[in-house]
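Printed here is input24.txt (compact mmCIF, C-alpha atoms):
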# COMPACT_ATOMS: atom_id res chain seq x y z
CA MET A 1029 55.98 139.54 22.94
CA ARG A 1030 54.36 142.10 20.63
CA GLU A 1031 56.29 143.70 17.80
CA PHE A 1032 57.68 147.21 18.26
CA PRO A 1033 57.96 149.78 15.44
CA ILE A 1034 61.30 150.17 13.68
CA PRO A 1035 62.06 153.75 12.63
CA PRO A 1036 64.25 154.43 9.58
CA PRO A 1037 67.95 155.18 10.16
CA ARG A 1038 68.61 158.75 11.24
CA ASP A 1039 71.87 159.08 9.31
CA THR A 1040 74.53 157.19 7.36
CA LYS A 1041 76.32 156.08 10.51
CA GLU A 1042 73.17 154.48 11.90
CA ALA A 1043 72.40 152.88 8.53
CA ASP A 1044 75.88 151.32 8.49
CA PHE A 1045 75.30 149.98 12.00
CA GLN A 1046 71.99 148.44 11.00
CA ASP A 1047 73.57 146.81 7.96
CA LEU A 1048 76.04 145.07 10.27
CA TRP A 1049 74.07 144.40 13.47
CA GLY A 1050 70.41 145.03 12.72
CA PRO A 1051 67.94 147.84 13.55
CA TRP A 1052 66.74 149.23 16.85
CA ALA A 1053 63.03 149.26 17.63
CA PHE A 1054 61.33 152.36 19.01
CA VAL A 1055 60.62 151.62 22.68
CA THR A 1056 59.04 153.92 25.28
CA PRO A 1057 59.31 153.79 29.09
CA GLY A 1058 55.87 152.18 29.18
CA ASP A 1059 57.19 149.32 27.04
CA VAL A 1060 60.21 148.54 29.22
CA GLY A 1061 58.30 146.66 31.92
CA GLU A 1062 56.75 144.38 29.32
CA ILE A 1063 60.14 143.68 27.75
CA LEU A 1064 61.96 143.00 31.00
CA GLY A 1065 59.10 140.89 32.28
CA ASP A 1066 58.92 139.62 35.84
CA ILE A 1067 62.41 140.71 36.85
CA ASP A 1068 63.29 140.53 40.54
CA ALA A 1069 65.46 143.66 40.54
CA PRO A 1070 64.95 147.42 40.35
CA TRP A 1071 65.39 149.28 37.08
CA TRP A 1072 64.92 152.93 36.21
CA ILE A 1073 64.63 155.32 33.28
CA ALA A 1074 67.19 158.07 32.71
CA GLY A 1075 67.90 160.42 29.81
CA GLY A 1076 65.37 162.59 28.03
CA TRP A 1077 62.36 160.46 28.94
CA ALA A 1078 63.12 161.13 32.64
CA ILE A 1079 63.13 164.85 31.85
CA ASP A 1080 59.74 164.45 30.14
CA ALA A 1081 58.33 162.75 33.22
CA CYS A 1082 59.66 165.41 35.57
CA THR A 1083 58.63 168.47 33.59
CA GLY A 1084 55.42 167.26 31.97
CA THR A 1085 56.83 168.44 28.62
CA ARG A 1086 57.86 166.30 25.67
CA ARG A 1087 60.45 166.27 22.92
CA ARG A 1088 61.18 163.74 20.20
CA HIS A 1089 63.13 160.63 21.26
CA SER A 1090 65.01 158.02 19.27
CA ASP A 1091 65.68 155.58 22.12
CA VAL A 1092 65.10 155.00 25.82
CA ASP A 1093 67.78 154.99 28.52
CA VAL A 1094 67.25 152.18 31.01
CA ALA A 1095 69.54 151.31 33.93
CA MET A 1096 69.86 148.64 36.58
CA PHE A 1097 72.54 147.47 38.97
CA ARG A 1098 75.33 145.43 37.43
CA ALA A 1099 75.05 143.02 40.37
CA ASP A 1100 71.50 142.19 39.23
CA LEU A 1101 72.61 140.62 35.95
CA PRO A 1102 71.61 137.13 37.22
CA ALA A 1103 68.06 138.44 37.82
CA LEU A 1104 68.01 139.82 34.28
CA ARG A 1105 69.16 136.49 32.85
CA THR A 1106 66.42 134.70 34.77
CA ALA A 1107 63.72 137.13 33.56
CA ALA A 1108 64.99 136.94 29.97
CA ARG A 1109 65.29 133.15 29.79
CA GLY A 1110 63.35 131.79 26.83
CA ARG A 1111 62.31 135.29 25.69
CA LEU A 1112 65.33 137.49 25.06
CA HIS A 1113 68.97 137.21 24.09
CA ILE A 1114 71.37 139.32 26.14
CA TRP A 1115 74.53 140.74 24.58
CA SER A 1116 77.44 142.33 26.41
CA ALA A 1117 78.28 145.69 24.76
CA GLY A 1118 81.39 147.75 25.37
CA PRO A 1119 84.57 149.18 23.84
CA ASP A 1120 85.87 145.68 23.07
CA GLY A 1121 82.79 144.82 21.02
CA ILE A 1122 79.61 142.85 21.65
CA ARG A 1123 79.06 139.17 22.41
CA PRO A 1124 76.25 137.00 23.77
CA VAL A 1125 75.76 136.52 27.50
CA ASP A 1126 74.82 132.87 27.73
CA GLU A 1127 75.72 129.60 29.48
CA ARG A 1128 79.21 129.61 27.98
CA CYS A 1129 79.88 133.26 28.91
CA PRO A 1130 77.42 134.09 31.71
CA ASP A 1131 79.09 137.36 32.70
CA VAL A 1132 79.33 140.69 30.95
CA ALA A 1133 82.77 141.57 29.59
CA GLU A 1134 84.82 143.42 32.17
CA SER A 1135 85.19 146.45 29.91
CA ALA A 1136 81.46 146.61 29.14
CA ASP A 1137 78.94 148.68 31.06
CA GLN A 1138 75.90 147.91 28.90
CA VAL A 1139 73.87 144.99 27.65
CA TRP A 1140 71.68 144.93 24.55
CA LEU A 1141 68.47 142.92 24.48
CA ARG A 1142 66.54 141.41 21.56
CA ALA A 1143 64.34 138.37 20.99
CA ASN A 1144 66.64 136.80 18.39
CA ALA A 1145 68.88 137.65 15.44
CA ARG A 1146 65.85 138.12 13.18
CA SER A 1147 64.35 140.73 15.51
CA PRO A 1148 65.36 144.33 16.25
CA TRP A 1149 67.29 145.37 19.31
CA LEU A 1150 64.88 146.49 22.02
CA ILE A 1151 66.81 147.95 24.95
CA ASP A 1152 70.32 149.25 25.53
CA LEU A 1153 70.51 148.62 29.28
CA LEU A 1154 73.13 150.48 31.30
CA LEU A 1155 74.69 148.47 34.13
CA SER A 1156 75.10 150.81 37.09
CA PRO A 1157 78.05 149.90 39.35
CA GLY A 1158 76.14 150.09 42.63
CA GLN A 1159 77.59 149.66 46.11
CA ASP A 1160 75.78 147.44 48.60
CA GLY A 1161 72.55 148.18 46.76
CA ALA A 1162 73.16 151.95 46.66
CA TRP A 1163 73.37 154.03 43.49
CA VAL A 1164 76.87 155.13 42.45
CA ASN A 1165 77.71 157.73 39.81
CA ARG A 1166 79.83 155.73 37.36
CA ARG A 1167 81.71 158.89 36.35
CA ASP A 1168 82.37 160.07 39.90
CA ARG A 1169 82.46 157.18 42.37
CA SER A 1170 82.40 159.61 45.29
CA MET A 1171 78.70 160.19 44.60
CA VAL A 1172 76.87 157.39 46.44
CA ALA A 1173 73.26 157.42 47.68
CA PRO A 1174 70.38 155.04 48.37
CA LEU A 1175 68.45 154.29 45.19
CA ASP A 1176 65.24 155.73 46.65
CA GLU A 1177 66.99 159.09 47.14
CA VAL A 1178 68.21 159.43 43.56
CA THR A 1179 65.11 158.10 41.81
CA TRP A 1180 61.38 158.71 42.03
CA ILE A 1181 58.33 156.69 41.02
CA ALA A 1182 55.72 158.26 38.77
CA ASP A 1183 51.99 157.63 38.91
CA ASP A 1184 52.35 154.94 36.24
CA GLY A 1185 54.68 152.97 38.54
CA ILE A 1186 57.81 153.64 36.49
CA ARG A 1187 60.98 154.61 38.38
CA TYR A 1188 62.93 157.58 36.97
CA LEU A 1189 66.34 159.03 37.77
CA ASN A 1190 66.15 162.42 39.47
CA PRO A 1191 66.35 165.28 36.93
CA GLU A 1192 69.45 166.91 38.46
CA LEU A 1193 71.34 163.63 38.00
CA VAL A 1194 70.09 163.24 34.44
CA LEU A 1195 71.52 166.69 33.73
CA ILE A 1196 74.96 165.99 35.16
CA PHE A 1197 75.27 163.01 32.82
CA LYS A 1198 74.08 165.08 29.89
CA ALA A 1199 76.64 167.79 30.61
CA LYS A 1200 79.46 165.63 29.23
CA GLN A 1201 77.99 165.21 25.75
CA ARG A 1202 76.83 168.77 25.14
CA ARG A 1203 74.46 167.87 22.31
CA PRO A 1204 71.74 170.31 21.23
CA LYS A 1205 69.06 168.06 22.74
CA ASP A 1206 70.91 168.10 26.07
CA ARG A 1207 70.77 171.90 26.09
CA VAL A 1208 67.05 171.69 25.36
CA ASP A 1209 66.62 169.30 28.27
CA LEU A 1210 68.53 171.65 30.56
CA GLU A 1211 66.43 174.65 29.55
CA ARG A 1212 63.10 172.90 30.09
CA THR A 1213 64.20 171.36 33.39
CA TRP A 1214 65.98 174.23 35.12
CA PRO A 1215 62.82 176.19 36.05
CA GLU A 1216 61.37 173.05 37.68
CA LEU A 1217 64.34 172.34 39.96
CA SER A 1218 64.57 173.23 43.63
CA ALA A 1219 67.47 175.30 44.95
CA ALA A 1220 69.11 172.11 46.26
CA GLN A 1221 68.77 170.35 42.90
CA ARG A 1222 70.19 173.36 41.07
CA ALA A 1223 73.15 173.37 43.45
CA VAL A 1224 73.90 169.74 42.59
CA VAL A 1225 74.03 170.54 38.86
CA ARG A 1226 75.94 173.77 39.31
CA THR A 1227 78.58 172.22 41.60
CA TYR A 1228 79.07 169.15 39.45
CA VAL A 1229 79.44 171.04 36.17
CA THR A 1230 81.74 173.64 37.74
CA ASP A 1231 83.98 170.96 39.27
CA HIS A 1232 84.12 168.63 36.26
CA TYR A 1233 83.74 171.00 33.29
CA PRO A 1234 84.91 174.46 34.45
CA GLU A 1235 84.71 175.92 30.92
CA HIS A 1236 81.28 174.45 30.13
CA GLU A 1237 78.93 176.61 28.06
CA TRP A 1238 76.06 175.72 30.41
CA LEU A 1239 77.58 177.71 33.26
CA ASP A 1240 76.06 181.00 32.10
CA LEU A 1241 72.59 179.50 32.52
CA LEU A 1242 73.43 177.78 35.82
CA ARG A 1243 74.32 180.97 37.66

Can you give me the file's structure in the form of structure tokens?
Amino acid sequence: MREFPIPPPRDTKEADFQDLWGPWAFVTPGDVGEILGDIDAPWWIAGGWAIDACTGTRRRHSDVDVAMFRADLPALRTAARGRLHIWSAGPDGIRPVDERCPDVAESADQVWLRANARSPWLIDLLLSPGQDGAWVNRRDRSMVAPLDEVTWIADDGIRYLNPELVLIFKAKQRRPKDRVDLERTWPELSAAQRAVVRTYVTDHYPEHEWLDLLR
């Protein structure tokens, strides 16, 4: 596997993390397929890169948000065998996923991937709960839909999460970059997509500062 660039720490908090666990490489959506290899399971890109793909605009990124179904962990282990180490990551800490502990910790909803301890982390992979192969919103389990209805495939063959769903996840964090992503996406959304965002934010965050723009 080729080497990926390692950007400097963004702040003291990230520098402290790197001192303890090691750095993160800069990975783009186009790199993810190479890293995951011949995996027999669907995966998709969320976050700001999905907004880029939808709008045709671009902002600066420090990481890439990748997701797959939690039930497809065995397929990930098969694809990673001999190439990547998989670590379970969650509120109770991180640990290897290997022959001794083949499952992700119950409290964890992510895995981190890297070639070895001397190499940077490559992907922070979100494990989507799924339901009989359908996508499920991990923050609102009442939202269930076939994967093909909540994602789309770009000309480069990469699958992305629909922009309205990217925005409802971003609404919780309320970072400046999330507001930027909302502003560059909103004009591109259909009336139905706007209704999804508006309804979700109104129901879950009734005092949200985005609501003025969503009207």

Across A:Ala1162, A:Ala1081, A:Ala1099, A:Ala1145, the smallest distance to Asp1131 (chain A), with only C-alpha atoms counted, is shown by A:Ala1099

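For the pair CA of Ala1074 (chain A) and CA of Lys1198 (chain A), the interatomic distance is 10.2 Å.
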
Name the closest residue to Val1125 (chain A) among the candidates A:Arg1203, A:Arg1243, A:Arg1109, A:Arg1187; distances are taken between atoms, counting all atoms listed in the file.
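Ranked by minimum distance to Val1125 (chain A), first place goes to A:Arg1109.
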
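Comparing A:Ala1108, A:Val1208, A:Val1229, A:Ile1196 by their smallest distance to Arg1088 (chain A), the closest is A:Val1208 (using all atoms listed in the file).
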
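Between CA of Ala1095 (chain A) and CA of Trp1115 (chain A) lies a distance of 15.0 Å.
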
Residues within 12 Å of Arg1123 (chain A), please, as a PDB file with C-alpha atoms, keeping the file's coordinate frame. Count all atoms listed in the file; anything in the same chain fewer than 3 positions from it doesn't count.
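Full text of part-v6.pdb as output:
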ATOM      1  CA  TRP A1049      74.070 144.400  13.470  1.00  0.00           C
ATOM      2  CA  HIS A1113      68.970 137.210  24.090  1.00  0.00           C
ATOM      3  CA  ILE A1114      71.370 139.320  26.140  1.00  0.00           C
ATOM      4  CA  TRP A1115      74.530 140.740  24.580  1.00  0.00           C
ATOM      5  CA  SER A1116      77.440 142.330  26.410  1.00  0.00           C
ATOM      6  CA  ALA A1117      78.280 145.690  24.760  1.00  0.00           C
ATOM      7  CA  GLY A1118      81.390 147.750  25.370  1.00  0.00           C
ATOM      8  CA  PRO A1119      84.570 149.180  23.840  1.00  0.00           C
ATOM      9  CA  ASP A1120      85.870 145.680  23.070  1.00  0.00           C
ATOM     10  CA  ASP A1126      74.820 132.870  27.730  1.00  0.00           C
ATOM     11  CA  ARG A1128      79.210 129.610  27.980  1.00  0.00           C
ATOM     12  CA  CYS A1129      79.880 133.260  28.910  1.00  0.00           C
ATOM     13  CA  PRO A1130      77.420 134.090  31.710  1.00  0.00           C
ATOM     14  CA  ASP A1131      79.090 137.360  32.700  1.00  0.00           C
ATOM     15  CA  VAL A1132      79.330 140.690  30.950  1.00  0.00           C
ATOM     16  CA  ALA A1133      82.770 141.570  29.590  1.00  0.00           C
ATOM     17  CA  ALA A1136      81.460 146.610  29.140  1.00  0.00           C
ATOM     18  CA  GLN A1138      75.900 147.910  28.900  1.00  0.00           C
ATOM     19  CA  VAL A1139      73.870 144.990  27.650  1.00  0.00           C
ATOM     20  CA  TRP A1140      71.680 144.930  24.550  1.00  0.00           C
ATOM     21  CA  LEU A1141      68.470 142.920  24.480  1.00  0.00           C
TER      22      LEU A1141
END

Which neighbours of Ala1173 (chain A) fall inside 9 Å, counting only C-alpha atoms, when residues of the same chain fewer than 4 positions from it are skipped, and could you give them as a list of chain:residue names?
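The residues that qualify are A:Ala1162, A:Trp1163, A:Val1164, A:Glu1177, A:Val1178.
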
With all atoms listed in the file as the counted atoms, please give the residues lying no more than 12 Å from Gly1185 (chain A), apart from itself and same-chain residues fewer than 4 positions off, as a VMD selection string.
chain A and resid 1057 to 1058 1060 to 1061 1070 to 1073 1081 1180 to 1181

Prev. selection, C-alpha atoms, output as a compact mmCIF listing (two decimals), in the frame of the given file:
# COMPACT_ATOMS: atom_id res chain seq x y z
CA PRO A 1057 59.31 153.79 29.09
CA GLY A 1058 55.87 152.18 29.18
CA VAL A 1060 60.21 148.54 29.22
CA GLY A 1061 58.30 146.66 31.92
CA PRO A 1070 64.95 147.42 40.35
CA TRP A 1071 65.39 149.28 37.08
CA TRP A 1072 64.92 152.93 36.21
CA ILE A 1073 64.63 155.32 33.28
CA ALA A 1081 58.33 162.75 33.22
CA TRP A 1180 61.38 158.71 42.03
CA ILE A 1181 58.33 156.69 41.02

With all atoms listed in the file as the basis for distance, which of A:Asp1152, A:Asp1240, A:Asp1093, A:Asp1206 is at the shortest distance from Ile1122 (chain A)?
A:Asp1152

Determine the nearest neighbour of Asp1059 (chain A) from the options A:Leu1112, A:Gly1076, A:Asp1168, A:Ile1186, counting all atoms listed in the file.
A:Ile1186

For a quick check of understanding, using all atoms listed in the file, which of A:Arg1111, A:Arg1105, A:His1232, A:Arg1098 has the smallest distance to Arg1167 (chain A)?
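Smallest separation from Arg1167 (chain A) among the options: A:His1232.
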
When you look at Asp1066 (chain A) with a cut-off of 10 Å (counting all atoms listed in the file), what residues show up, excluding the ones that are within fewer than 3 positions of it in the same chain? I need them as a PyMOL selection string.
chain A and resi 1061-1063+1069+1103-1104+1106-1108

So which residues touch Ile1079 (chain A) within 10 Å, counting all atoms listed in the file, skipping near sequence neighbours fewer than 6 positions away, as a count of residues only?
15

Atomic separation - CA of Trp1238 (chain A) relative to CA of Glu1216 (chain A), Å:
16.6 Å

Around the point (58.2, 155.7, 13.1) (coordinates from the file), which residues reach within 10 Å if we count all atoms listed in the file? Answer as a count of residues only.
8
